[in-house]
file upload31.txt (compact mmCIF, C-alpha atoms and all ligand atoms)
# COMPACT_ATOMS: atom_id res chain seq x y z
CA MET N 105 263.16 223.08 121.83
CA PRO N 106 261.81 219.80 120.47
CA ASP N 107 262.30 219.45 116.73
CA PRO N 108 258.82 219.01 115.22
CA ASP N 109 260.23 217.28 112.13
CA LYS N 110 261.56 214.37 114.12
CA ILE N 111 259.44 211.46 115.26
CA PRO N 112 259.20 211.44 119.07
CA VAL N 113 260.26 208.25 120.82
CA ILE N 114 259.08 207.18 124.25
CA VAL N 115 261.17 204.51 125.95
CA LEU N 116 259.45 202.36 128.57
CA THR N 117 261.70 200.49 130.89
CA GLY N 118 261.31 198.89 134.33
CA PHE N 119 261.99 195.56 136.01
CA LEU N 120 260.16 192.32 135.17
CA GLY N 121 256.44 192.52 135.82
CA SER N 122 256.54 196.15 137.00
CA GLY N 123 253.82 197.29 134.60
CA LYS N 124 255.38 198.38 131.29
CA THR N 125 252.86 196.66 129.04
CA THR N 126 250.02 197.90 131.25
CA LEU N 127 251.37 201.45 130.87
CA LEU N 128 251.85 200.95 127.14
CA ASN N 129 248.16 200.12 126.77
CA ARG N 130 247.25 203.20 128.81
CA LEU N 131 249.42 205.43 126.64
CA LEU N 132 248.02 203.96 123.44
CA ALA N 133 244.50 204.73 124.61
CA ASP N 134 245.07 208.42 123.77
CA GLY N 135 244.55 207.54 120.11
CA VAL N 136 247.81 209.03 118.79
CA LYS N 137 248.97 206.83 115.90
CA THR N 138 251.92 204.92 117.33
CA ALA N 139 254.49 202.44 116.10
CA VAL N 140 255.49 200.04 118.85
CA VAL N 141 258.68 198.06 119.32
CA ILE N 142 258.47 195.42 122.02
CA ASN N 143 261.55 193.64 123.29
CA GLU N 144 261.09 190.43 125.26
CA PHE N 145 263.77 188.39 126.93
CA GLY N 146 261.86 185.11 126.50
CA GLU N 147 262.08 183.10 123.27
CA ILE N 148 258.30 182.91 122.87
CA PRO N 149 256.86 186.42 122.83
CA VAL N 150 253.67 187.11 124.80
CA ASP N 151 253.36 190.89 125.19
CA GLN N 152 252.15 191.49 121.64
CA ASP N 153 248.96 189.60 122.45
CA LEU N 154 248.36 191.81 125.49
CA LEU N 155 248.01 194.99 123.44
CA ALA N 156 244.46 196.24 123.30
CA ASP N 157 245.10 197.62 119.78
CA GLN N 158 246.14 194.77 117.48
CA ASN N 159 246.33 196.93 114.34
CA LEU N 160 249.22 199.21 115.03
CA PRO N 161 252.65 198.94 113.37
CA LEU N 162 254.33 196.51 115.75
CA THR N 163 257.78 194.95 115.80
CA VAL N 164 258.65 192.30 118.36
CA LEU N 165 262.30 191.62 119.14
CA SER N 166 262.39 188.55 121.37
CA GLY N 167 264.89 186.03 122.66
CA GLY N 168 267.23 188.52 124.33
CA CYS N 169 267.57 192.09 125.54
CA LEU N 170 267.94 195.29 123.58
CA CYS N 171 270.94 196.02 125.74
CA CYS N 172 272.89 193.01 124.55
CA LYS N 173 271.77 190.05 122.45
CA VAL N 174 269.29 191.87 120.21
CA LYS N 175 270.89 195.33 120.49
CA GLY N 176 271.95 195.18 116.85
CA ALA N 177 268.35 194.74 115.74
CA LEU N 178 267.13 198.09 117.07
CA ALA N 179 268.74 200.42 114.53
CA PRO N 180 267.58 198.43 111.45
CA THR N 181 264.09 198.16 112.95
CA LEU N 182 263.87 201.92 113.44
CA LYS N 183 265.29 202.50 109.96
CA ASN N 184 262.74 200.20 108.34
CA LEU N 185 259.89 201.82 110.22
CA TRP N 186 261.07 205.28 109.19
CA MET N 187 261.33 204.21 105.52
CA ALA N 188 257.77 202.87 105.65
CA TRP N 189 256.69 206.10 107.32
CA GLU N 190 258.40 208.27 104.71
CA GLN N 191 256.98 206.37 101.74
CA ALA N 192 253.39 206.22 103.00
CA ALA N 193 250.99 208.83 101.65
CA SER N 194 249.02 208.74 104.87
CA LYS N 195 251.48 208.64 107.77
CA PRO N 196 251.11 205.32 109.59
CA PHE N 197 252.34 206.72 112.93
CA GLU N 198 253.18 209.98 114.65
CA ARG N 199 255.29 208.61 117.47
CA MET N 200 257.22 205.53 118.50
CA ILE N 201 257.08 203.66 121.79
CA ILE N 202 259.83 201.19 122.64
CA GLU N 203 259.10 198.77 125.48
CA ALA N 204 262.36 197.27 126.67
CA SER N 205 262.57 193.87 128.30
CA GLY N 206 262.30 193.89 132.09
CA ILE N 207 265.97 193.09 132.55
CA ALA N 208 267.38 195.43 129.92
CA SER N 209 269.72 198.20 130.95
CA PRO N 210 268.59 201.30 129.05
CA GLU N 211 272.00 202.72 128.13
CA PRO N 212 272.50 200.82 124.85
CA ILE N 213 268.98 201.75 123.69
CA LEU N 214 269.63 205.42 124.41
CA ASP N 215 273.05 205.12 122.84
CA THR N 216 271.49 203.86 119.60
CA LEU N 217 268.86 206.60 119.59
CA LEU N 218 271.16 209.46 120.48
CA ARG N 219 274.43 208.54 118.80
CA GLU N 220 273.45 206.81 115.54
CA ARG N 221 273.50 209.84 113.26
CA TRP N 222 270.98 208.56 110.75
CA LEU N 223 268.50 207.81 113.51
CA ALA N 224 269.24 210.91 115.57
CA SER N 225 268.36 213.13 112.63
CA ARG N 226 264.96 211.47 112.20
CA TYR N 227 263.93 210.44 115.71
CA ARG N 228 263.86 212.49 118.92
CA LEU N 229 264.03 210.80 122.30
CA GLN N 230 261.06 212.35 124.07
CA ILE N 231 261.09 210.65 127.44
CA VAL N 232 262.34 207.59 129.32
CA ILE N 233 259.72 206.30 131.74
CA THR N 234 260.70 203.65 134.26
CA THR N 235 258.05 201.61 136.06
CA LEU N 236 258.73 200.24 139.54
CA ALA N 237 256.41 197.91 141.44
CA ILE N 238 256.18 199.27 144.99
CA PRO N 239 255.98 195.87 146.77
CA SER N 240 259.15 194.45 145.17
CA GLY N 241 260.93 197.63 144.02
CA ALA N 242 263.36 198.10 146.92
CA ALA N 243 264.49 194.46 146.89
CA GLN N 244 264.97 194.53 143.11
CA LEU N 245 267.06 197.70 143.35
CA ASP N 246 269.19 196.02 146.01
CA SER N 247 269.66 192.84 143.98
CA PHE N 248 269.90 193.84 140.32
CA ALA N 249 272.25 196.30 138.61
CA GLU N 250 269.78 196.38 135.69
CA ALA N 251 267.02 197.74 137.97
CA ARG N 252 269.35 200.46 139.27
CA ALA N 253 270.33 201.41 135.71
CA GLN N 254 266.64 201.66 134.76
CA VAL N 255 266.14 204.16 137.59
CA ALA N 256 269.34 206.04 136.85
CA TRP N 257 268.35 206.71 133.20
CA ALA N 258 264.68 207.55 133.87
CA ASP N 259 263.23 210.97 133.12
CA THR N 260 260.14 209.97 135.12
CA LEU N 261 259.54 207.14 137.56
CA LEU N 262 256.12 205.53 137.65
CA LEU N 263 255.39 203.66 140.87
CA THR N 264 252.95 200.83 140.21
CA HIS N 265 251.06 198.24 142.26
CA ALA N 266 250.26 200.88 144.90
CA ASP N 267 246.93 199.10 145.41
CA VAL N 268 248.67 195.94 146.64
CA SER N 269 251.45 197.62 148.63
CA ASN N 270 251.79 198.55 152.28
CA ALA N 271 253.29 201.57 154.04
CA GLY N 272 256.54 199.72 154.81
CA GLN N 273 257.11 198.85 151.14
CA GLN N 274 256.31 202.41 150.08
CA ALA N 275 258.77 203.83 152.62
CA ALA N 276 261.51 201.33 151.67
CA LEU N 277 261.22 202.20 147.99
CA ALA N 278 261.07 205.95 148.68
CA THR N 279 264.31 205.68 150.69
CA ARG N 280 266.12 203.83 147.87
CA LEU N 281 264.88 206.30 145.25
CA GLN N 282 265.92 209.23 147.39
CA MET N 283 269.46 207.86 147.23
CA LEU N 284 269.50 206.73 143.60
CA ALA N 285 267.50 209.42 141.81
CA PRO N 286 266.44 212.19 144.20
CA ALA N 287 265.65 214.70 141.44
CA THR N 288 263.65 212.41 139.13
CA PRO N 289 259.90 213.11 139.21
CA ARG N 290 257.81 210.27 140.63
CA LEU N 291 254.20 209.49 139.89
CA THR N 292 252.05 206.71 141.24
CA THR N 293 249.59 204.83 139.03
CA GLY N 294 246.09 205.84 139.87
CA ASP N 295 246.84 209.49 140.53
CA PHE N 296 247.51 210.60 136.96
CA LEU N 297 246.17 210.59 133.46
CA ALA N 298 248.51 208.75 131.11
CA ALA N 299 248.82 211.85 128.93
CA SER N 300 250.14 213.88 131.86
CA LEU N 301 253.19 211.60 131.96
CA LEU N 302 254.19 212.82 128.55
CA THR N 303 253.96 216.50 129.37
CA ASN N 304 257.02 216.00 131.54
CA ALA N 305 259.31 215.88 128.54
CA GLY N 306 262.85 214.74 129.10
CA PRO N 307 265.71 217.24 129.18
CA SER N 308 266.59 219.05 125.97
CA LEU N 309 270.27 218.32 126.62
CA ARG N 310 270.89 214.72 127.55
CA ARG N 311 273.94 213.08 129.00
CA LEU N 312 275.17 210.37 126.67
CA PRO N 313 275.82 206.87 127.90
CA ASN N 314 279.53 206.13 128.18
CA ASP N 315 281.15 203.13 126.55
CA ALA N 316 281.74 201.19 129.76
CA PRO N 317 280.77 197.56 129.25
CA LEU N 318 277.59 196.47 131.05
CA PRO N 319 277.79 193.66 133.58
CA ALA N 320 276.73 190.37 131.98
CA HIS N 321 273.16 189.30 132.74
CA ASN N 322 272.67 186.40 135.04
CA PHE N 323 269.18 185.60 133.73
CA ARG N 324 267.85 182.69 131.72
CA SER N 325 264.46 181.93 130.29
CA ILE N 326 262.62 178.66 129.92
CA SER N 327 259.71 178.37 127.55
CA LEU N 328 257.25 175.63 126.86
CA HIS N 329 254.33 174.90 124.61
CA LEU N 330 251.32 173.15 126.12
CA GLU N 331 249.75 170.66 123.76
CA GLN N 332 246.97 169.68 126.14
CA VAL N 333 244.22 171.84 127.57
CA MET N 334 244.32 172.21 131.36
CA LEU N 335 241.85 173.14 134.07
CA TRP N 336 242.64 176.43 135.76
CA GLN N 337 242.76 174.75 139.13
CA GLN N 338 245.39 172.28 137.86
CA LEU N 339 247.50 175.00 136.32
CA GLN N 340 247.11 177.31 139.31
CA THR N 341 248.29 174.57 141.69
CA LEU N 342 251.33 173.75 139.53
CA LEU N 343 252.36 177.38 139.11
CA GLN N 344 251.80 178.22 142.77
CA GLU N 345 253.96 175.26 143.80
CA LEU N 346 256.73 176.37 141.45
CA LEU N 347 256.60 179.91 142.82
CA THR N 348 256.77 178.58 146.38
CA ARG N 349 259.66 176.19 145.61
CA HIS N 350 261.66 178.86 143.75
CA PRO N 351 261.10 182.13 145.62
CA GLN N 352 264.57 183.47 144.79
CA ASP N 353 265.23 182.28 141.27
CA LEU N 354 261.84 182.35 139.54
CA LEU N 355 261.28 186.04 138.78
CA ARG N 356 258.50 186.05 136.21
CA ILE N 357 255.94 183.80 134.53
CA LYS N 358 253.80 184.89 131.64
CA GLY N 359 251.93 183.15 128.95
CA LEU N 360 248.80 182.43 127.02
CA VAL N 361 246.99 179.19 127.75
CA TYR N 362 243.81 177.44 126.73
CA LEU N 363 241.79 176.26 129.73
CA ALA N 364 239.20 173.50 129.62
CA GLU N 365 236.54 175.78 131.10
CA GLN N 366 237.06 178.76 128.72
CA THR N 367 236.73 179.19 124.98
CA GLU N 368 239.06 182.21 124.77
CA PRO N 369 242.81 181.99 125.42
CA MET N 370 243.74 183.18 128.92
CA VAL N 371 246.63 185.43 129.91
CA ILE N 372 248.71 184.01 132.74
CA GLN N 373 250.92 186.35 134.78
CA ALA N 374 253.09 185.99 137.85
CA ALA N 375 255.78 188.32 139.12
CA GLY N 376 257.81 187.65 142.25
CA THR N 377 255.68 185.23 144.25
CA ARG N 378 252.37 186.76 143.14
CA LEU N 379 250.23 184.77 140.72
CA TYR N 380 247.56 186.95 139.10
CA PRO N 381 244.09 185.65 138.21
CA PRO N 382 243.95 184.62 134.51
CA ILE N 383 242.41 187.13 132.13
CA PRO N 384 240.48 186.13 128.99
CA LEU N 385 241.69 187.53 125.67
CA SER N 386 239.56 188.07 122.61
CA ALA N 387 240.65 186.29 119.40
CA ARG N 388 244.14 187.20 118.18
CA ALA N 389 245.80 186.70 114.81
CA SER N 390 248.48 184.63 116.54
CA ASP N 391 245.98 182.13 118.04
CA ASP N 392 247.22 178.68 117.14
CA GLY N 393 245.43 176.76 119.87
CA ARG N 394 248.72 175.99 121.63
CA GLY N 395 249.33 177.31 125.10
CA ARG N 396 252.71 178.87 125.81
CA LEU N 397 254.42 179.77 129.05
CA VAL N 398 257.65 181.67 129.62
CA PHE N 399 259.61 181.52 132.89
CA ILE N 400 262.38 184.02 133.62
CA VAL N 401 264.96 182.78 136.03
CA ASN N 402 267.75 184.43 137.97
CA GLY N 403 270.84 182.25 137.81
CA GLU N 404 271.20 178.59 136.97
CA PRO N 405 267.86 177.25 135.67
CA THR N 406 268.49 173.51 136.03
CA ALA N 407 266.47 172.96 139.21
CA LEU N 408 263.50 174.85 137.84
CA ALA N 409 263.72 173.04 134.50
CA THR N 410 263.62 169.70 136.31
CA ASP N 411 260.56 170.79 138.30
CA LEU N 412 258.88 172.10 135.15
CA ASN N 413 259.48 168.85 133.32
CA LYS N 414 257.91 166.92 136.17
CA ALA N 415 254.97 169.30 136.62
CA PHE N 416 254.04 169.67 132.95
CA ALA N 417 255.05 166.29 131.51
CA PRO N 418 251.46 165.13 130.84
CA PHE N 419 250.67 168.36 128.96
CA LEU N 420 253.74 168.56 126.71
CA SER N 421 254.54 166.79 123.52
CA GLY N 422 258.05 165.34 123.22
CA ASN N 423 260.91 167.49 124.44
CA ALA N 424 258.93 170.70 124.56
CA ILE N 425 260.79 172.60 127.30
CA LYS N 426 263.35 175.00 125.91
CA LEU N 427 266.13 176.54 127.96
CA HIS N 428 267.46 179.79 126.67
N1 LIG N 501 247.47 195.17 141.27
C1 LIG N 501 248.14 195.73 140.26
N2 LIG N 501 248.52 194.98 139.23
C2 LIG N 501 249.22 195.59 138.23
C3 LIG N 501 249.52 196.97 138.23
N3 LIG N 501 250.23 197.27 137.09
C4 LIG N 501 250.35 196.09 136.42
N4 LIG N 501 249.74 195.08 137.10
C5 LIG N 501 249.68 193.66 136.76
O1 LIG N 501 251.02 193.14 136.88
C6 LIG N 501 251.26 192.14 135.90
C7 LIG N 501 252.49 192.51 135.09
O2 LIG N 501 252.19 193.70 134.38
P1 LIG N 501 252.83 194.01 132.97
O3 LIG N 501 252.30 195.32 132.51
O4 LIG N 501 252.69 192.85 132.06
O5 LIG N 501 254.35 194.13 133.40
P2 LIG N 501 255.63 194.30 132.45
O6 LIG N 501 256.56 195.24 133.12
O7 LIG N 501 255.21 194.66 131.07
O8 LIG N 501 256.20 192.81 132.45
P3 LIG N 501 257.47 192.25 131.61
O9 LIG N 501 257.37 192.84 130.23
O10 LIG N 501 257.32 190.79 131.64
O11 LIG N 501 258.69 192.71 132.32
C8 LIG N 501 249.98 192.05 135.07
O12 LIG N 501 249.20 190.99 135.58
C9 LIG N 501 249.30 193.40 135.31
O13 LIG N 501 247.90 193.34 135.16
C10 LIG N 501 249.09 197.76 139.36
O14 LIG N 501 249.32 198.97 139.45
N5 LIG N 501 248.40 197.09 140.33
call {"tool": "encode", "arguments": {"input": "upload31.txt", "output": "structure tokens", "more": "lines below"}}
Ligand SMILES: Nc1nc2c(ncn2[C@@H]2O[C@H](COP(=O)(O)OP(=O)(O)OP(=O)(O)O)[C@@H](O)[C@H]2O)c(=O)[nH]1
result
Amino acid sequence: MPDPDKIPVIVLTGFLGSGKTTLLNRLLADGVKTAVVINEFGEIPVDQDLLADQNLPLTVLSGGCLCCKVKGALAPTLKNLWMAWEQAASKPFERMIIEASGIASPEPILDTLLRERWLASRYRLQIVITTLAIPSGAAQLDSFAEARAQVAWADTLLLTHADVSNAGQQAALATRLQMLAPATPRLTTGDFLAASLLTNAGPSLRRLPNDAPLPAHNFRSISLHLEQVMLWQQLQTLLQELLTRHPQDLLRIKGLVYLAEQTEPMVIQAAGTRLYPPIPLSARASDDGRGRLVFIVNGEPTALATDLNKAFAPFLSGNAIKLH
């Protein structure tokens, strides 16, 4: 039986661009007071600006994954949040949602939650939800151990991007999932209410991650600040060319940019080879008038960095491209 005295924790995991932040916003729409921890691989965080609710207790851990580089930050973050929760007369949150980076393996996060005694007596892992984009899911499972680990540790799989998928992609993903996680419930976005995801609570007895070392990531990120305003058509052409030139290594682009034709900052998103139309954002506390773009790369990033330098040179100030 769930322990009502412990704060429930929902862990959202899933490969780059599969829809974790989109799901997070859907879950937050139920109005339950929630503390959010967002982990981003890129140096310059973007996801925090994509949250519809900008007033919730939010911690962003960026510049690495919760499974490795920033793993040590999770326990102190959860401790600090619990202390704030305990001391507040009016409880600032009733649950916690952790959104892992798209290339994080979930084991170390679960290990921290389940094995750290101090945390385990105050927090209760409610459910691990893994998002998978149907069009790219099968190929990602074939290529990346991290994607397979995300499926292996899921209590529920949420299949996203059904609206832009075809029957072949659906069948290919179903076949992989049948092999990797035949007993894990699967839902598809569109055919559920976000709240119904949470009724499928995880098991009351969980297997614990073992201590086997995780394979080292082979991912890098490149981030840049744009000092000059661009036209969408200019930016679209540059990004589309980069996606076409780097179909294997460029896995994800996201950012916030200021376009000449818009007053609001615009959210830029690409995953795989798909560039999404930009979306305007209302004013955010973090608005500093500087555009920022993050590129996540599989393998050696030198060729992409060279192309980025060429493409964005007129819009950068000084040596503004950062490899990470
Ligand atoms: N067409 C379509 N687009 C979607 C769907 N779910 C998410 N998206 C879009 O896919 C892009 C990536 O979604 P996010 O929610 O940011 O993905 P994420 O998993 O949080 O990304 P990372 O944190 O960078 O790994 C955004 O442009 C979303 O609007 C879906 O079901 N259908």
call {"tool": "atom_distance", "arguments": {"input": "upload31.txt", "atom1": "atom CA of N:Gly393", "atom2": "atom CA of N:Pro405"}}
result
27.4 Å
call {"tool": "closest_residue", "arguments": {"input": "upload31.txt", "among": "N:Asn270, N:Gln244, N:Ser194, N:Thr292", "to": "ligand LIG 501 (chain N)", "atoms": "all atoms listed in the file"}}
result
N:Thr292
call {"tool": "residues_near_ligand", "arguments": {"input": "upload31.txt", "ligand": "ligand LIG 501 (chain N)", "cutoff": "6 Å", "atoms": "only C-alpha atoms and all ligand atoms", "output": "list in words"}}
result
Phe119, Leu120, Gly121, Ser122, Gly123, Lys124, Thr125, Thr126, Ser205, Gly206, Thr264, His265, Ala266, Asp267, Val268, Thr293, Gln373 and Tyr380 of chain N
call {"tool": "atom_distance", "arguments": {"input": "upload31.txt", "atom1": "atom CA of N:Phe323", "atom2": "atom CA of N:Thr279"}}
result
26.7 Å
call {"tool": "residues_around", "arguments": {"input": "upload31.txt", "residues": "stretch 398-400 of chain N", "least_positions_apart": "4", "cutoff": "9 Å", "atoms": "only C-alpha atoms", "output": "JSON, numbers by chain"}}
result
{"N": [120, 145, 146, 147, 148, 149, 150, 323, 324, 325, 326, 327, 328, 353, 354, 355, 356, 357, 358, 359, 405]}
call {"tool": "residues_around", "arguments": {"input": "upload31.txt", "residues": "N:His329", "least_positions_apart": "3", "cutoff": "7 Å", "atoms": "all atoms listed in the file", "output": "list of chain:residue names"}}
result
N:Arg394, N:Gly395, N:Arg396, N:Leu397, N:Leu420, N:Ala424
call {"tool": "atom_distance", "arguments": {"input": "upload31.txt", "atom1": "atom CA of N:Leu360", "atom2": "atom CA of N:Glu345"}}
result
19.0 Å
call {"tool": "closest_residue", "arguments": {"input": "upload31.txt", "among": "N:Ala224, N:Ala179, N:Leu330, N:Met200", "to": "N:Thr138", "atoms": "only C-alpha atoms"}}
result
N:Met200
call {"tool": "residues_around", "arguments": {"input": "upload31.txt", "residues": "N:Trp257", "least_positions_apart": "4", "cutoff": "9 Å", "atoms": "only C-alpha atoms", "output": "JSON, numbers by chain"}}
result
{"N": [209, 210, 211, 214, 232, 233, 234, 252, 253]}
call {"tool": "write_last_selection", "arguments": {"input": "upload31.txt", "atoms": "C-alpha atoms", "output": "PDB file, in the frame of the given file"}}
result
ATOM      1  CA  SER N 209     269.720 198.200 130.950  1.00  0.00           C
ATOM      2  CA  PRO N 210     268.590 201.300 129.050  1.00  0.00           C
ATOM      3  CA  GLU N 211     272.000 202.720 128.130  1.00  0.00           C
ATOM      4  CA  LEU N 214     269.630 205.420 124.410  1.00  0.00           C
ATOM      5  CA  VAL N 232     262.340 207.590 129.320  1.00  0.00           C
ATOM      6  CA  ILE N 233     259.720 206.300 131.740  1.00  0.00           C
ATOM      7  CA  THR N 234     260.700 203.650 134.260  1.00  0.00           C
ATOM      8  CA  ARG N 252     269.350 200.460 139.270  1.00  0.00           C
ATOM      9  CA  ALA N 253     270.330 201.410 135.710  1.00  0.00           C
TER      10      ALA N 253
END
call {"tool": "residues_around", "arguments": {"input": "upload31.txt", "residues": "N:Gln366", "least_positions_apart": "6", "cutoff": "10 Å", "atoms": "only C-alpha atoms", "output": "list in words"}}
result
Leu335, Trp336 and Pro384 of chain N
call {"tool": "closest_residue", "arguments": {"input": "upload31.txt", "among": "N:Cys172, N:Ala287, N:Asn143, N:Leu301", "to": "N:Arg130", "atoms": "only C-alpha atoms"}}
result
N:Leu301
call {"tool": "residues_around", "arguments": {"input": "upload31.txt", "residues": "N:Ala242", "least_positions_apart": "6", "cutoff": "8 Å", "atoms": "only C-alpha atoms", "output": "list in words"}}
result
Gln273, Ala276, Leu277 and Arg280 of chain N
call {"tool": "closest_residue", "arguments": {"input": "upload31.txt", "among": "N:Cys171, N:Ala409, N:Ala417, N:Ile111", "to": "N:Ser225", "atoms": "only C-alpha atoms"}}
result
N:Ile111
call {"tool": "closest_residue", "arguments": {"input": "upload31.txt", "among": "N:Asn184, N:Gln254, N:Gln230, N:Asn314", "to": "N:Val113", "atoms": "all atoms listed in the file"}}
result
N:Gln230
call {"tool": "closest_residue", "arguments": {"input": "upload31.txt", "among": "N:Pro369, N:Asp246, N:Leu302, N:Gly135", "to": "N:Met283", "atoms": "all atoms listed in the file"}}
result
N:Asp246
call {"tool": "residues_near_point", "arguments": {"input": "upload31.txt", "point": "(255.4, 175.1, 137.6)", "cutoff": "6 Å", "atoms": "all atoms listed in the file", "output": "PyMOL selection string"}}
result
chain N and resi 342-343+346+412+415
call {"tool": "build_atoms", "arguments": {"input": "upload31.txt", "residues": "stretch 366-384 of chain N", "atoms": "N, CA and C atoms", "output": "PDB file, keeping the file's coordinate frame"}}
result
ATOM      1  N   GLN N 366     237.208 177.483 129.435  1.00  0.00           N
ATOM      2  CA  GLN N 366     237.060 178.760 128.720  1.00  0.00           C
ATOM      3  C   GLN N 366     237.226 178.549 127.222  1.00  0.00           C
ATOM      4  N   THR N 367     236.493 179.294 126.420  1.00  0.00           N
ATOM      5  CA  THR N 367     236.730 179.190 124.980  1.00  0.00           C
ATOM      6  C   THR N 367     237.884 180.109 124.549  1.00  0.00           C
ATOM      7  N   GLU N 368     237.997 181.275 125.191  1.00  0.00           N
ATOM      8  CA  GLU N 368     239.060 182.210 124.770  1.00  0.00           C
ATOM      9  C   GLU N 368     240.388 181.793 125.392  1.00  0.00           C
ATOM     10  N   PRO N 369     241.517 182.181 124.746  1.00  0.00           N
ATOM     11  CA  PRO N 369     242.810 181.990 125.420  1.00  0.00           C
ATOM     12  C   PRO N 369     242.871 182.869 126.674  1.00  0.00           C
ATOM     13  N   MET N 370     243.649 182.428 127.657  1.00  0.00           N
ATOM     14  CA  MET N 370     243.740 183.180 128.920  1.00  0.00           C
ATOM     15  C   MET N 370     245.179 183.664 129.117  1.00  0.00           C
ATOM     16  N   VAL N 371     245.306 184.887 129.604  1.00  0.00           N
ATOM     17  CA  VAL N 371     246.630 185.430 129.910  1.00  0.00           C
ATOM     18  C   VAL N 371     247.019 185.001 131.321  1.00  0.00           C
ATOM     19  N   ILE N 372     248.203 184.436 131.437  1.00  0.00           N
ATOM     20  CA  ILE N 372     248.710 184.010 132.740  1.00  0.00           C
ATOM     21  C   ILE N 372     249.873 184.923 133.126  1.00  0.00           C
ATOM     22  N   GLN N 373     249.865 185.436 134.339  1.00  0.00           N
ATOM     23  CA  GLN N 373     250.920 186.350 134.780  1.00  0.00           C
ATOM     24  C   GLN N 373     251.312 186.048 136.209  1.00  0.00           C
ATOM     25  N   ALA N 374     252.595 186.005 136.473  1.00  0.00           N
ATOM     26  CA  ALA N 374     253.090 185.990 137.850  1.00  0.00           C
ATOM     27  C   ALA N 374     254.366 186.814 137.891  1.00  0.00           C
ATOM     28  N   ALA N 375     254.538 187.557 138.950  1.00  0.00           N
ATOM     29  CA  ALA N 375     255.780 188.320 139.120  1.00  0.00           C
ATOM     30  C   ALA N 375     256.149 188.204 140.591  1.00  0.00           C
ATOM     31  N   GLY N 376     257.423 187.944 140.866  1.00  0.00           N
ATOM     32  CA  GLY N 376     257.810 187.650 142.250  1.00  0.00           C
ATOM     33  C   GLY N 376     257.044 186.396 142.665  1.00  0.00           C
ATOM     34  N   THR N 377     256.437 186.426 143.812  1.00  0.00           N
ATOM     35  CA  THR N 377     255.680 185.230 144.250  1.00  0.00           C
ATOM     36  C   THR N 377     254.188 185.389 143.982  1.00  0.00           C
ATOM     37  N   ARG N 378     253.797 186.492 143.343  1.00  0.00           N
ATOM     38  CA  ARG N 378     252.370 186.760 143.140  1.00  0.00           C
ATOM     39  C   ARG N 378     251.869 186.176 141.813  1.00  0.00           C
ATOM     40  N   LEU N 379     250.887 185.292 141.926  1.00  0.00           N
ATOM     41  CA  LEU N 379     250.230 184.770 140.720  1.00  0.00           C
ATOM     42  C   LEU N 379     248.921 185.535 140.535  1.00  0.00           C
ATOM     43  N   TYR N 380     248.765 186.144 139.367  1.00  0.00           N
ATOM     44  CA  TYR N 380     247.560 186.950 139.100  1.00  0.00           C
ATOM     45  C   TYR N 380     246.441 186.049 138.573  1.00  0.00           C
ATOM     46  N   PRO N 381     245.180 186.433 138.805  1.00  0.00           N
ATOM     47  CA  PRO N 381     244.090 185.650 138.210  1.00  0.00           C
ATOM     48  C   PRO N 381     244.194 185.698 136.684  1.00  0.00           C
ATOM     49  N   PRO N 382     243.842 184.606 135.988  1.00  0.00           N
ATOM     50  CA  PRO N 382     243.950 184.620 134.510  1.00  0.00           C
ATOM     51  C   PRO N 382     242.930 185.577 133.911  1.00  0.00           C
ATOM     52  N   ILE N 383     243.310 186.161 132.782  1.00  0.00           N
ATOM     53  CA  ILE N 383     242.410 187.130 132.130  1.00  0.00           C
ATOM     54  C   ILE N 383     242.102 186.640 130.712  1.00  0.00           C
ATOM     55  N   PRO N 384     240.808 186.586 130.339  1.00  0.00           N
ATOM     56  CA  PRO N 384     240.480 186.130 128.990  1.00  0.00           C
ATOM     57  C   PRO N 384     240.883 187.146 127.931  1.00  0.00           C
TER      58      PRO N 384
END
